[in-house]
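**Student:** Data: entry-v6.cif, mmCIF, C-alpha atoms and all ligand atoms.
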```
data_query
loop_
_atom_site.label_atom_id
_atom_site.label_comp_id
_atom_site.auth_asym_id
_atom_site.auth_seq_id
_atom_site.Cartn_x
_atom_site.Cartn_y
_atom_site.Cartn_z
CA MET A 1 99.50 -27.95 -122.75
CA VAL A 2 98.87 -31.52 -123.74
CA GLU A 3 99.43 -34.44 -121.40
CA ARG A 4 98.06 -37.68 -122.83
CA ALA A 5 99.70 -38.84 -126.02
CA MET A 6 99.08 -41.63 -128.46
CA LEU A 7 102.08 -42.51 -130.62
CA ILE A 8 101.71 -43.87 -134.14
CA GLY A 9 104.49 -45.36 -136.29
CA ILE A 10 103.69 -46.26 -139.85
CA THR A 11 105.70 -48.74 -141.91
CA LEU A 12 105.60 -47.45 -145.45
CA PRO A 13 105.92 -49.70 -148.51
CA GLY A 14 109.52 -50.93 -148.69
CA GLY A 15 110.10 -50.19 -145.01
CA ASP A 16 110.48 -52.85 -142.32
CA LYS A 17 108.62 -53.27 -139.09
CA GLN A 18 111.71 -53.57 -136.94
CA THR A 19 112.87 -50.12 -137.97
CA THR A 20 109.42 -48.73 -137.23
CA ARG A 21 109.61 -50.33 -133.78
CA GLY A 22 113.05 -48.83 -133.11
CA LEU A 23 111.97 -45.40 -134.26
CA LEU A 24 108.85 -45.61 -132.14
CA ASP A 25 110.98 -46.47 -129.07
CA GLU A 26 113.01 -43.40 -129.81
CA LEU A 27 109.90 -41.26 -130.34
CA ARG A 28 108.74 -42.37 -126.89
CA GLU A 29 111.94 -40.98 -125.43
CA LEU A 30 111.61 -37.77 -127.39
CA VAL A 31 108.01 -37.26 -126.23
CA THR A 32 108.96 -38.12 -122.65
CA THR A 33 111.68 -35.48 -122.84
CA LEU A 34 108.83 -32.99 -123.36
CA GLU A 35 107.20 -34.35 -120.20
CA ILE A 36 104.13 -35.58 -122.04
CA GLY A 37 102.64 -38.84 -120.78
CA ILE A 38 102.16 -41.66 -123.25
CA VAL A 39 98.98 -43.67 -122.88
CA HIS A 40 98.83 -45.62 -126.13
CA GLU A 41 101.02 -46.71 -129.04
CA ARG A 42 100.25 -48.23 -132.42
CA GLU A 43 102.29 -49.56 -135.28
CA VAL A 44 100.62 -49.68 -138.66
CA SER A 45 101.79 -51.04 -142.00
CA ILE A 46 100.37 -49.66 -145.21
CA ARG A 47 100.56 -50.89 -148.77
CA LYS A 48 100.17 -47.52 -150.40
CA PRO A 49 100.39 -44.02 -148.86
CA GLN A 50 97.08 -42.18 -149.12
CA ALA A 51 96.95 -38.45 -149.75
CA LYS A 52 94.37 -37.59 -147.11
CA PHE A 53 95.60 -39.30 -143.94
CA LEU A 54 98.70 -41.14 -145.17
CA VAL A 55 96.87 -44.30 -144.02
CA GLY A 56 93.48 -45.25 -145.44
CA SER A 57 90.38 -43.43 -144.17
CA GLY A 58 89.01 -46.50 -142.41
CA LYS A 59 92.29 -47.00 -140.55
CA ALA A 60 92.37 -43.32 -139.62
CA GLU A 61 88.91 -43.55 -138.11
CA GLU A 62 89.88 -46.63 -136.15
CA LEU A 63 93.00 -44.95 -134.76
CA ILE A 64 91.13 -41.81 -133.81
CA ALA A 65 88.52 -43.88 -132.00
CA GLU A 66 91.31 -45.55 -130.03
CA ALA A 67 92.75 -42.19 -129.09
CA GLN A 68 89.35 -40.88 -128.06
CA SER A 69 88.52 -43.89 -125.93
CA ARG A 70 91.75 -43.28 -123.99
CA ASP A 71 91.16 -39.56 -123.59
CA CYS A 72 94.24 -38.62 -125.59
CA ASP A 73 94.75 -34.96 -126.27
CA VAL A 74 97.59 -35.39 -128.71
CA ILE A 75 98.54 -37.87 -131.44
CA VAL A 76 102.21 -37.97 -132.34
CA PHE A 77 103.25 -39.48 -135.65
CA ASP A 78 106.73 -40.77 -136.14
CA ASN A 79 106.32 -40.23 -139.87
CA GLU A 80 106.40 -36.86 -141.48
CA LEU A 81 102.92 -35.52 -142.23
CA THR A 82 102.18 -32.86 -144.78
CA ALA A 83 100.51 -29.71 -143.52
CA ALA A 84 97.25 -30.83 -145.13
CA GLN A 85 97.40 -34.33 -143.62
CA GLN A 86 97.95 -32.84 -140.20
CA ARG A 87 94.83 -30.71 -140.64
CA ASN A 88 92.81 -33.64 -141.93
CA TRP A 89 93.61 -35.71 -138.85
CA GLU A 90 92.74 -32.86 -136.52
CA GLN A 91 89.48 -32.25 -138.32
CA ALA A 92 88.61 -35.93 -138.26
CA ALA A 93 89.13 -35.79 -134.48
CA LYS A 94 86.77 -32.80 -134.35
CA ASP A 95 89.62 -30.53 -133.32
CA LYS A 96 89.69 -32.11 -129.88
CA ILE A 97 93.03 -33.76 -130.45
CA LEU A 98 96.24 -32.04 -131.47
CA VAL A 99 98.13 -33.86 -134.20
CA ILE A 100 101.87 -33.43 -134.52
CA ASP A 101 104.81 -35.30 -136.03
CA ARG A 102 108.38 -36.21 -135.02
CA GLN A 103 109.72 -33.00 -136.54
CA GLU A 104 107.53 -30.86 -134.35
CA VAL A 105 108.54 -32.83 -131.26
CA ILE A 106 112.21 -32.27 -132.06
CA LEU A 107 111.60 -28.58 -132.73
CA ASP A 108 109.88 -28.30 -129.35
CA ILE A 109 112.75 -30.00 -127.53
CA PHE A 110 115.28 -27.76 -129.22
CA GLY A 111 113.08 -24.76 -128.39
CA LYS A 112 113.00 -25.70 -124.71
CA ARG A 113 116.72 -26.35 -124.52
CA ALA A 114 118.12 -23.47 -126.53
CA GLN A 115 120.05 -21.16 -124.28
CA THR A 116 122.52 -19.06 -126.18
CA LYS A 117 121.25 -16.37 -128.49
CA GLU A 118 122.50 -18.29 -131.49
CA ALA A 119 120.66 -21.47 -130.58
CA VAL A 120 117.46 -19.55 -129.78
CA LEU A 121 117.56 -17.83 -133.17
CA GLN A 122 118.34 -21.04 -135.02
CA VAL A 123 115.38 -22.81 -133.46
CA GLU A 124 113.10 -19.85 -134.07
CA LEU A 125 114.06 -19.84 -137.73
CA ALA A 126 113.41 -23.56 -138.09
CA ARG A 127 110.04 -23.20 -136.38
CA LEU A 128 108.91 -20.26 -138.51
CA GLU A 129 109.80 -22.17 -141.64
CA TYR A 130 107.95 -25.20 -140.34
CA ASN A 131 104.87 -23.07 -139.68
CA LEU A 132 104.71 -21.22 -142.97
CA PRO A 133 103.02 -23.94 -145.05
CA ARG A 134 100.83 -24.82 -142.09
CA LEU A 135 99.23 -21.38 -141.89
CA LYS A 136 97.47 -22.03 -145.12
CA SER A 137 95.71 -25.19 -144.09
CA ALA A 138 94.73 -23.61 -140.79
CA TRP A 139 92.99 -20.82 -142.68
CA THR A 140 91.37 -23.07 -145.25
CA HIS A 141 89.96 -24.97 -142.36
CA LEU A 142 88.61 -21.86 -140.61
CA ASN A 143 86.91 -20.79 -143.79
CA ARG A 144 85.19 -24.07 -144.13
CA GLN A 145 83.97 -23.88 -140.58
CA ARG A 146 82.50 -20.46 -141.22
CA GLY A 147 80.56 -21.78 -144.15
CA GLY A 148 82.88 -20.31 -146.72
CA GLY A 149 80.70 -17.45 -148.02
CA ALA A 150 82.34 -15.38 -150.70
CA ILE A 151 82.95 -12.34 -148.52
CA GLN A 152 84.29 -14.31 -145.64
CA ARG A 153 86.54 -16.30 -147.86
CA ASP A 154 88.03 -13.13 -149.27
CA ALA A 155 88.51 -11.80 -145.79
CA GLY A 156 90.13 -15.07 -144.79
CA GLU A 157 92.46 -15.03 -147.71
CA THR A 158 93.54 -11.52 -146.98
CA GLN A 159 94.16 -12.47 -143.40
CA LEU A 160 96.12 -15.50 -144.55
CA GLU A 161 98.21 -13.34 -146.83
CA LEU A 162 98.79 -10.96 -143.98
CA ASP A 163 99.85 -13.78 -141.70
CA GLN A 164 102.16 -15.21 -144.32
CA ARG A 165 103.72 -11.83 -144.87
CA MET A 166 104.21 -11.43 -141.14
CA VAL A 167 105.92 -14.80 -140.86
CA ARG A 168 108.12 -14.01 -143.87
CA THR A 169 109.11 -10.69 -142.29
CA GLN A 170 109.93 -12.52 -139.08
CA ILE A 171 112.00 -15.07 -140.99
CA ALA A 172 113.98 -12.28 -142.63
CA ARG A 173 114.52 -10.58 -139.27
CA VAL A 174 115.70 -13.76 -137.55
CA LYS A 175 118.03 -14.51 -140.46
CA ARG A 176 119.57 -11.05 -140.18
CA GLU A 177 120.06 -11.35 -136.43
CA LEU A 178 121.52 -14.80 -136.85
CA GLU A 179 123.97 -13.53 -139.41
CA SER A 180 125.32 -10.92 -137.06
CA VAL A 181 125.67 -13.43 -134.22
CA ILE A 182 127.48 -15.82 -136.54
CA GLN A 183 129.78 -13.08 -137.77
CA HIS A 184 130.73 -12.32 -134.21
CA ARG A 185 131.60 -15.95 -133.60
CA GLU A 186 133.60 -16.08 -136.82
CA VAL A 187 135.73 -13.25 -135.53
CA GLN A 188 136.28 -15.13 -132.28
CA ARG A 189 137.24 -18.24 -134.15
CA LYS A 190 139.65 -16.43 -136.44
CA LYS A 191 141.30 -15.01 -133.36
CA ARG A 192 141.75 -18.52 -132.05
CA MET A 193 143.03 -19.69 -135.44
CA ASN A 194 145.90 -17.25 -135.13
CA VAL A 195 147.27 -19.73 -132.67
CA PRO A 196 146.69 -22.80 -134.77
CA VAL A 197 146.34 -25.53 -132.22
CA PRO A 198 144.95 -28.71 -133.78
CA THR A 199 141.23 -29.18 -133.20
CA CYS A 200 138.95 -32.14 -133.00
CA ALA A 201 135.17 -32.31 -132.74
CA ILE A 202 133.18 -34.94 -130.87
CA VAL A 203 130.16 -35.86 -132.96
CA GLY A 204 127.50 -38.54 -132.81
CA TYR A 205 123.97 -39.60 -132.05
CA THR A 206 122.17 -37.90 -129.20
CA ASN A 207 122.76 -39.43 -125.76
CA ALA A 208 125.81 -41.43 -126.93
CA GLY A 209 128.00 -39.78 -124.29
CA LYS A 210 129.71 -37.00 -126.25
CA SER A 211 129.67 -34.48 -123.42
CA SER A 212 130.76 -37.16 -120.95
CA LEU A 213 133.73 -37.93 -123.16
CA LEU A 214 134.65 -34.25 -123.41
CA ASN A 215 134.51 -34.05 -119.62
CA LYS A 216 136.69 -37.12 -119.27
CA LEU A 217 139.26 -35.96 -121.81
CA THR A 218 139.51 -32.41 -120.52
CA ASN A 219 138.63 -32.79 -116.89
CA SER A 220 135.62 -30.50 -117.29
CA HIS A 221 132.13 -30.49 -115.91
CA ILE A 222 129.82 -29.57 -118.73
CA LEU A 223 126.20 -30.70 -118.54
CA VAL A 224 125.62 -34.41 -118.96
CA GLU A 225 122.08 -35.74 -118.84
CA ASP A 226 120.21 -38.89 -119.62
CA LYS A 227 118.05 -36.85 -121.95
CA LEU A 228 117.99 -36.39 -125.66
CA PHE A 229 119.64 -33.19 -126.85
CA ALA A 230 121.18 -32.13 -123.57
CA THR A 231 123.76 -30.23 -125.62
CA LEU A 232 122.81 -27.66 -128.24
CA ASP A 233 125.74 -25.31 -128.18
CA PRO A 234 129.29 -26.29 -128.97
CA THR A 235 131.75 -26.19 -126.09
CA SER A 236 135.49 -26.15 -126.72
CA ARG A 237 138.13 -27.13 -124.20
CA ARG A 238 141.86 -27.67 -124.26
CA CYS A 239 142.87 -31.27 -124.06
CA PRO A 240 146.63 -31.68 -123.74
CA LEU A 241 147.71 -35.07 -125.04
CA PRO A 242 150.14 -37.27 -123.09
CA SER A 243 153.08 -36.10 -125.26
CA GLY A 244 152.33 -32.49 -124.43
CA GLN A 245 150.81 -31.91 -127.84
CA PRO A 246 148.06 -29.31 -127.35
CA LEU A 247 144.63 -30.01 -128.82
CA VAL A 248 141.28 -28.25 -128.63
CA VAL A 249 138.28 -30.56 -128.40
CA THR A 250 134.74 -29.39 -129.20
CA ASP A 251 131.51 -31.04 -128.07
CA THR A 252 128.62 -30.68 -130.55
CA VAL A 253 124.84 -31.06 -130.78
CA GLY A 254 123.74 -34.68 -131.21
CA PHE A 255 121.99 -36.13 -134.23
CA VAL A 256 118.82 -38.15 -134.43
CA ARG A 257 117.12 -40.08 -137.20
CA ASN A 258 114.81 -38.02 -139.39
CA LEU A 259 116.21 -34.82 -138.00
CA PRO A 260 114.23 -32.02 -139.62
CA HIS A 261 116.24 -30.65 -142.52
CA ARG A 262 115.44 -27.15 -141.40
CA LEU A 263 117.17 -27.91 -138.13
CA VAL A 264 120.25 -29.32 -139.83
CA ASP A 265 120.30 -26.15 -141.90
CA ALA A 266 119.69 -23.94 -138.92
CA PHE A 267 122.44 -25.58 -136.91
CA LYS A 268 124.93 -25.56 -139.75
CA ALA A 269 126.74 -22.62 -138.23
CA THR A 270 127.02 -24.38 -134.88
CA LEU A 271 128.27 -27.52 -136.57
CA GLU A 272 130.80 -25.45 -138.43
CA GLU A 273 133.18 -26.29 -135.57
CA ALA A 274 132.98 -29.90 -136.65
CA ILE A 275 133.48 -29.01 -140.28
CA VAL A 276 136.63 -26.97 -139.74
CA SER A 277 138.27 -29.24 -137.18
CA ASN A 278 141.28 -31.37 -138.08
CA PHE A 279 139.58 -34.64 -137.25
CA LEU A 280 136.44 -36.08 -135.66
CA ILE A 281 135.69 -38.46 -132.82
CA HIS A 282 132.45 -40.27 -133.63
CA VAL A 283 130.84 -41.53 -130.41
CA LEU A 284 128.33 -44.38 -130.38
CA ASP A 285 126.46 -46.05 -127.53
CA VAL A 286 127.66 -49.66 -127.64
CA ASN A 287 124.51 -50.80 -125.83
CA SER A 288 121.97 -49.39 -128.24
CA PRO A 289 120.35 -52.09 -130.35
CA GLU A 290 120.14 -49.51 -133.10
CA VAL A 291 123.79 -48.58 -132.97
CA GLU A 292 124.44 -49.22 -136.65
CA ALA A 293 121.51 -47.09 -137.74
CA HIS A 294 122.83 -44.39 -135.41
CA ALA A 295 126.24 -44.55 -137.07
CA GLU A 296 124.65 -44.28 -140.49
CA THR A 297 122.59 -41.25 -139.49
CA THR A 298 125.61 -39.42 -138.15
CA LEU A 299 127.70 -40.16 -141.23
CA THR A 300 124.87 -39.05 -143.51
CA VAL A 301 124.41 -35.73 -141.72
CA LEU A 302 128.17 -35.18 -141.70
CA ALA A 303 128.22 -35.76 -145.45
CA GLU A 304 125.38 -33.24 -145.86
CA LEU A 305 127.46 -30.77 -143.91
CA GLY A 306 130.42 -31.33 -146.20
CA ALA A 307 132.54 -33.08 -143.57
CA ALA A 308 132.61 -36.51 -145.18
CA ASP A 309 136.31 -36.57 -145.92
CA LYS A 310 137.53 -35.86 -142.39
CA LYS A 311 139.58 -38.40 -140.52
CA ILE A 312 137.28 -40.08 -138.03
CA ILE A 313 138.03 -42.11 -134.93
CA THR A 314 135.01 -44.31 -134.24
CA VAL A 315 134.42 -44.82 -130.54
CA PHE A 316 131.99 -47.22 -128.88
CA ASN A 317 131.20 -45.77 -125.49
CA LYS A 318 129.60 -47.18 -122.31
CA ILE A 319 131.42 -50.52 -122.34
CA ASP A 320 131.22 -50.47 -118.53
CA ALA A 321 127.52 -51.22 -119.03
CA LEU A 322 127.97 -53.75 -121.83
CA TRP A 323 125.49 -56.58 -121.32
CA ASP A 324 126.51 -58.76 -124.19
CA GLU A 325 130.14 -59.54 -125.08
CA ALA A 326 129.04 -60.91 -128.47
CA THR A 327 127.92 -57.40 -129.45
CA ARG A 328 131.41 -56.11 -128.91
CA HIS A 329 132.96 -58.81 -131.09
CA GLU A 330 130.41 -58.23 -133.80
CA LEU A 331 131.04 -54.48 -133.79
CA ALA A 332 134.80 -54.96 -133.67
CA LEU A 333 134.52 -57.02 -136.86
CA LYS A 334 132.36 -54.47 -138.60
CA PHE A 335 134.37 -51.46 -137.38
CA PRO A 336 137.91 -52.83 -137.18
CA ASP A 337 139.45 -49.45 -136.36
CA ALA A 338 137.06 -48.55 -133.57
CA CYS A 339 138.03 -47.91 -129.93
CA PHE A 340 135.92 -49.35 -127.13
CA ILE A 341 135.79 -47.01 -124.17
CA SER A 342 133.90 -45.93 -121.11
CA ALA A 343 133.70 -42.21 -120.45
CA HIS A 344 132.57 -43.16 -116.93
CA SER A 345 135.24 -45.62 -115.84
CA GLY A 346 137.99 -44.32 -118.10
CA GLU A 347 138.54 -47.72 -119.67
CA GLY A 348 140.03 -47.44 -123.15
CA ILE A 349 140.66 -43.70 -122.87
CA GLU A 350 144.41 -44.15 -123.02
CA LEU A 351 144.15 -46.04 -126.27
CA LEU A 352 141.91 -43.33 -127.64
CA LEU A 353 144.43 -40.65 -126.66
CA ASN A 354 147.14 -42.59 -128.49
CA ARG A 355 144.96 -42.73 -131.58
CA MET A 356 144.41 -39.00 -131.36
CA GLU A 357 148.15 -38.43 -131.14
CA ALA A 358 148.73 -40.67 -134.12
CA ILE A 359 146.29 -38.69 -136.25
CA ILE A 360 147.90 -35.41 -135.30
CA GLU A 361 151.31 -36.87 -136.07
CA GLU A 362 150.09 -37.73 -139.55
CA GLU A 363 148.67 -34.26 -140.05
CA PHE A 364 151.48 -32.25 -138.55
CA ALA A 365 155.11 -32.70 -139.54
CA GLN A 366 157.38 -34.37 -137.00
CA LEU A 367 160.80 -32.74 -136.75
CA LYS A 368 163.99 -32.81 -134.75
CA LEU A 369 165.34 -29.35 -134.13
CA LEU A 370 168.32 -27.70 -132.54
CA ILE A 371 167.35 -24.19 -131.59
CA PRO A 372 170.07 -21.70 -130.56
CA HIS A 373 169.88 -20.49 -126.97
CA ASP A 374 169.15 -16.91 -127.99
CA ARG A 375 166.01 -18.11 -129.80
CA TYR A 376 164.38 -19.77 -126.84
CA ASP A 377 161.24 -17.84 -127.84
CA LEU A 378 160.86 -20.38 -130.66
CA VAL A 379 160.91 -23.27 -128.22
CA ALA A 380 158.26 -21.53 -126.16
CA ARG A 381 156.25 -21.05 -129.32
CA LEU A 382 156.44 -24.74 -130.15
CA HIS A 383 155.12 -25.51 -126.72
CA ARG A 384 152.16 -23.27 -127.40
CA GLU A 385 151.40 -24.02 -131.00
CA GLY A 386 153.00 -27.32 -131.85
CA GLY A 387 153.74 -30.43 -129.85
CA VAL A 388 156.95 -30.92 -127.95
CA ARG A 389 157.69 -34.58 -127.45
CA ARG A 390 161.23 -34.24 -126.13
CA GLU A 391 163.26 -31.30 -125.00
CA GLU A 392 166.89 -31.33 -123.94
CA VAL A 393 169.39 -28.55 -123.26
CA ARG A 394 172.65 -29.09 -125.12
CA ASP A 395 175.77 -26.98 -125.41
CA GLU A 396 174.86 -25.63 -128.87
CA GLY A 397 171.22 -24.97 -128.11
CA THR A 398 167.94 -26.62 -127.16
CA TYR A 399 167.19 -29.96 -128.79
CA VAL A 400 163.49 -30.43 -129.47
CA ALA A 401 161.64 -33.34 -131.07
CA GLY A 402 158.01 -32.81 -131.89
CA SER A 403 155.39 -31.60 -134.27
CA VAL A 404 155.25 -28.32 -136.08
CA PRO A 405 152.09 -27.04 -137.73
CA ASP A 406 152.43 -26.60 -141.50
CA ARG A 407 152.17 -22.85 -141.16
CA LEU A 408 155.34 -22.66 -139.08
CA LEU A 409 157.38 -25.13 -141.11
CA ALA A 410 159.27 -22.51 -143.10
CA GLU A 411 160.38 -20.73 -139.97
CA PHE A 412 161.57 -23.81 -138.15
CA SER A 413 163.05 -25.87 -140.96
CA ARG A 414 166.40 -24.06 -140.83
CA TYR A 415 166.98 -25.44 -137.33
CA GLN A 416 166.23 -28.96 -138.42
CA ILE A 417 168.81 -31.66 -137.69
CA THR A 418 168.87 -35.35 -138.52
CA GLY A 419 170.47 -36.80 -135.39
N1 LIG B 501 127.18 -46.43 -118.30
C1 LIG B 501 127.67 -45.37 -118.92
N2 LIG B 501 126.88 -44.32 -119.13
C2 LIG B 501 127.40 -43.26 -119.78
C3 LIG B 501 128.75 -43.23 -120.22
N3 LIG B 501 128.97 -42.05 -120.83
C4 LIG B 501 127.80 -41.35 -120.77
N4 LIG B 501 126.86 -42.07 -120.11
C5 LIG B 501 125.48 -41.64 -119.80
O1 LIG B 501 124.78 -41.42 -121.00
C6 LIG B 501 123.89 -40.31 -120.86
C7 LIG B 501 124.15 -39.29 -121.92
O2 LIG B 501 125.43 -38.71 -121.73
P1 LIG B 501 125.85 -37.33 -122.38
O3 LIG B 501 127.31 -37.19 -122.18
O4 LIG B 501 124.96 -36.23 -121.93
O5 LIG B 501 125.53 -37.66 -123.91
P2 LIG B 501 125.58 -36.68 -125.18
O6 LIG B 501 126.04 -37.51 -126.34
O7 LIG B 501 126.38 -35.47 -124.86
O8 LIG B 501 124.04 -36.35 -125.35
P3 LIG B 501 123.33 -35.07 -126.02
O9 LIG B 501 124.09 -33.85 -125.68
O10 LIG B 501 121.97 -35.13 -125.43
O11 LIG B 501 123.31 -35.36 -127.51
C8 LIG B 501 124.10 -39.79 -119.45
O12 LIG B 501 123.12 -40.34 -118.62
C9 LIG B 501 125.47 -40.31 -119.08
O13 LIG B 501 125.65 -40.47 -117.69
C10 LIG B 501 129.56 -44.39 -119.97
O14 LIG B 501 130.75 -44.48 -120.31
N5 LIG B 501 128.96 -45.42 -119.32
MG MG B 502 125.85 -33.54 -124.80
#
```
Rewrite the structure from the file as C-alpha cells, please.
**Tutor:**
Amino acid sequence: MVERAMLIGITLPGGDKQTTRGLLDELRELVTTLEIGIVHEREVSIRKPQAKFLVGSGKAEELIAEAQSRDCDVIVFDNELTAAQQRNWEQAAKDKILVIDRQEVILDIFGKRAQTKEAVLQVELARLEYNLPRLKSAWTHLNRQRGGGAIQRDAGETQLELDQRMVRTQIARVKRELESVIQHREVQRKKRMNVPVPTCAIVGYTNAGKSSLLNKLTNSHILVEDKLFATLDPTSRRCPLPSGQPLVVTDTVGFVRNLPHRLVDAFKATLEEAIVSNFLIHVLDVNSPEVEAHAETTLTVLAELGAADKKIITVFNKIDALWDEATRHELALKFPDACFISAHSGEGIELLLNRMEAIIEEEFAQLKLLIPHDRYDLVARLHREGGVRREEVRDEGTYVAGSVPDRLLAEFSRYQITG
C-alpha cells in the first residue's frame, strides 16, 4: 500500500503546457479515486525524450530528490513509461519509491471496480499483458543486484523464462474463460434481437453523467457516483418514447484520455453494445474546461471500435450547474446539433426525447395501416416491436399509424393504406 504520491506531467516536444496541466488535473482525480494522497506535483517540459528516464538524468535526480524530501512512496507519471524507464526511475530512487504511470492507475481503478465475471476477466487480461514486458526488467534488475555472476544470471534467466511462461499460460486461460462468458452474452443478445426493438447506447467521457441520464430516461436507479469509472458493465433498460415507440437504452463504460489500448481491447466485447446499437447518445459535461478534448477522445475510441458511422446525438449535460453562459453559446456554435440538458433537473430532456424519436423515424419506416379485426395479433405485435403513434378502431379494422422495423415490412405492407 502506498499513500504519499508525487505526480509528474511531462510536456513532450510538440505538446503544449495547457494540455499537460489538464491531464495532470485529471490524473489527480484518478489517483484520488484510488485513495492515495497527493503531496506534490510537477510539470516538466523537455526538448528531446531521453531513453533512460524520458527526461534528462539531471532532471530525474532533481525530481527524485523532491519526492524524497516529501517522504513520497510513489511517483505517478501522466506519460507512458517503458518498462525499462520505470525500472530506471525505481533504481535511481534506491527502490524506496514505487514508480507507476497513468495506465497502471487506470488498470488499478478498473481492477477495484470490476464486479461481473466479464469485467474481472477483462481487467485481468489487460493487467497480465501490461506485466509481461515488465517481468524482464524486474529480473534484469535483480541479477544486477546479485552481482550478476554467470551461474546466477543463468538461474535468473531460467526463472524469468519460467515466469514469462506462467504469465503466458495465464493469459491463454483468461482469454479462454472470457470467450465462453462472451459467447453466453451473445446468446442472450441474440435472444433479445428476436424482438428487434431499436437500441441506443449512451457513450462518453467518464463522469459526464451517462448513468444519470439513463436513470432519468428510464426511471431507474443504477449507480451514479462522483468518481471516475463508476460504471464498468453495460446496463440496458427499456425507455418508451412519448409516442409509445419502444427503445432499449444501454449505459456503457466511460472513456478517458490515454486509455490503455489493452483496456480498450479488453472492453471491446462490453462496448459491443454500443457498436451494434441503432444510434448513440454522446454525453459531455458542459462544465468541464476540457470538454472539447473529451469529445475528441470519445470519437476517436468509437472510431477504433468501428462505430464511427453511427448516428450520434451530442448532449451537453449538467446545464443546471452551468457557471458561464458564454460557454454554452460557444459550444452551440461549434456543435450546432447538440442538445443542452440536465439529467438532474430534467431540463432539455423532452427535446432530447424528440430527437431520439426523429432518429428512429428515419431508421424505421413510417406507415399507415388498416389491420382486419381478426388480425389484432398484428396490432399487438406492432405495439411490442414497432412504434404505434396512433390507433383507432374503425368498422373495417384497426387503423394504426406508426413505425415498422424493416424486418416486418413485408408482412405489414399488404395492410398499408394511404389515407
Ligand atoms: N449538476 C449536475 N450533476 C450531474 C448531472 N448529471 C450527473 N451529475 C453528477 O456527475 C457525477 C457523475 O455522474 P454519473 O452519472 O455517475 O456519470 P457517468 O458518466 O456514468 O460516469 P462513469 O460511469 O464513472 O463513467 C455524479 O456526481 C452525478 O451526480 C447533472 O445534470 N447536473
Ligand atoms: Mg456511469
**Student:** As JSON, what would the box around ligand LIG 501 (chain B) look like: edges along x, y and z, 5 Å added on every side, centre and edge lengths in Å to one decimal?
**Tutor:**
```
{"center_x": 126.4, "center_y": -40.1, "center_z": -122.6, "size_x": 18.8, "size_y": 22.6, "size_z": 19.8}
```
**Student:** Could you please extract the residues within 8 Å of ligand MG 502 (chain B), counting only C-alpha atoms and all ligand atoms, and hand them back as a list in words?
**Tutor:** Thr206, Asn207, Gly209, Lys210, Ser211, Ser212, Leu223, Val224, Glu225, Phe229, Ala230, Thr231, Leu232, Asp251, Thr252, Val253 and Gly254 of chain A
**Student:** Counting all atoms listed in the file, figure out which residue out of A:Met166, A:Glu80, A:Leu30, A:Gly56 gets nearest to Asp108 (chain A).
**Tutor:** A:Leu30
**Student:** Of the candidates A:Ala321, A:Lys117, A:Gln245, A:Tyr415, which shows the shortest atom-to-atom distance to Asn354 (chain A), using all atoms listed in the file?
**Tutor:**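 Looking only at the distances to Asn354 (chain A), the closest residue turns out to be A:Gln245.
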**Student:** Counting only C-alpha atoms, which residue out of A:Gln103, A:Ser403, A:Gln115, A:Ser342 sits closest to Ala208 (chain A)?
**Tutor:** A:Ser342
**Student:** I want to know what sits within 10 Å of region 218-220 of chain A, based on only C-alpha atoms, with residues of the same chain fewer than 5 positions away left out; could you give that as a list of chain:residue names?
**Tutor:**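 The residues satisfying every condition are A:Ser211, A:Ser212, A:Leu213, A:Ser236, A:Arg237, A:Arg238, A:Cys239, A:Pro240, A:Leu241, A:Val248, A:Val249.
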**Student:** I'd like to know which of A:Glu290, A:Asp324, A:Asp285, A:Glu61 is closest to ligand LIG 501 (chain B), using all atoms listed in the file.
**Tutor:**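 Checking each candidate against ligand LIG 501 (chain B), we get A:Asp285 as the closest.
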**Student:** For Cys200 (chain A), list every protein, DNA or RNA residue within 7 Å, evaluated using all atoms listed in the file, and leave out those in the same chain fewer than 6 positions away; present the list as a VMD selection string.
**Tutor:** chain A and resid 248 to 250 277 to 280
**Student:** Using all atoms listed in the file, which of the listed residues (A:Val400, A:Ala303, A:Val39, A:Ala93) sits closest to Leu378 (chain A)?
**Tutor:** A:Val400
**Student:** Pick out the closest residue to Pro234 (chain A) from this set: A:Thr300, A:Arg165, A:Ala119, A:Pro49. Count all atoms listed in the file.
**Tutor:** A:Ala119
**Student:** Please tell me which residues are no farther than 9 Å from (123.3, -39.2, -134.0) in the file, counting all atoms listed in the file, and write them as number ranges by chain.
**Tutor:** A: 203-208, 253-257, 283-284, 293-299, 301
**Student:** Please list as a count of residues only every residue within 7 Å of Val2 (chain A), counting all atoms listed in the file and excluding residues in the same chain fewer than 3 positions away.
**Tutor:** 3
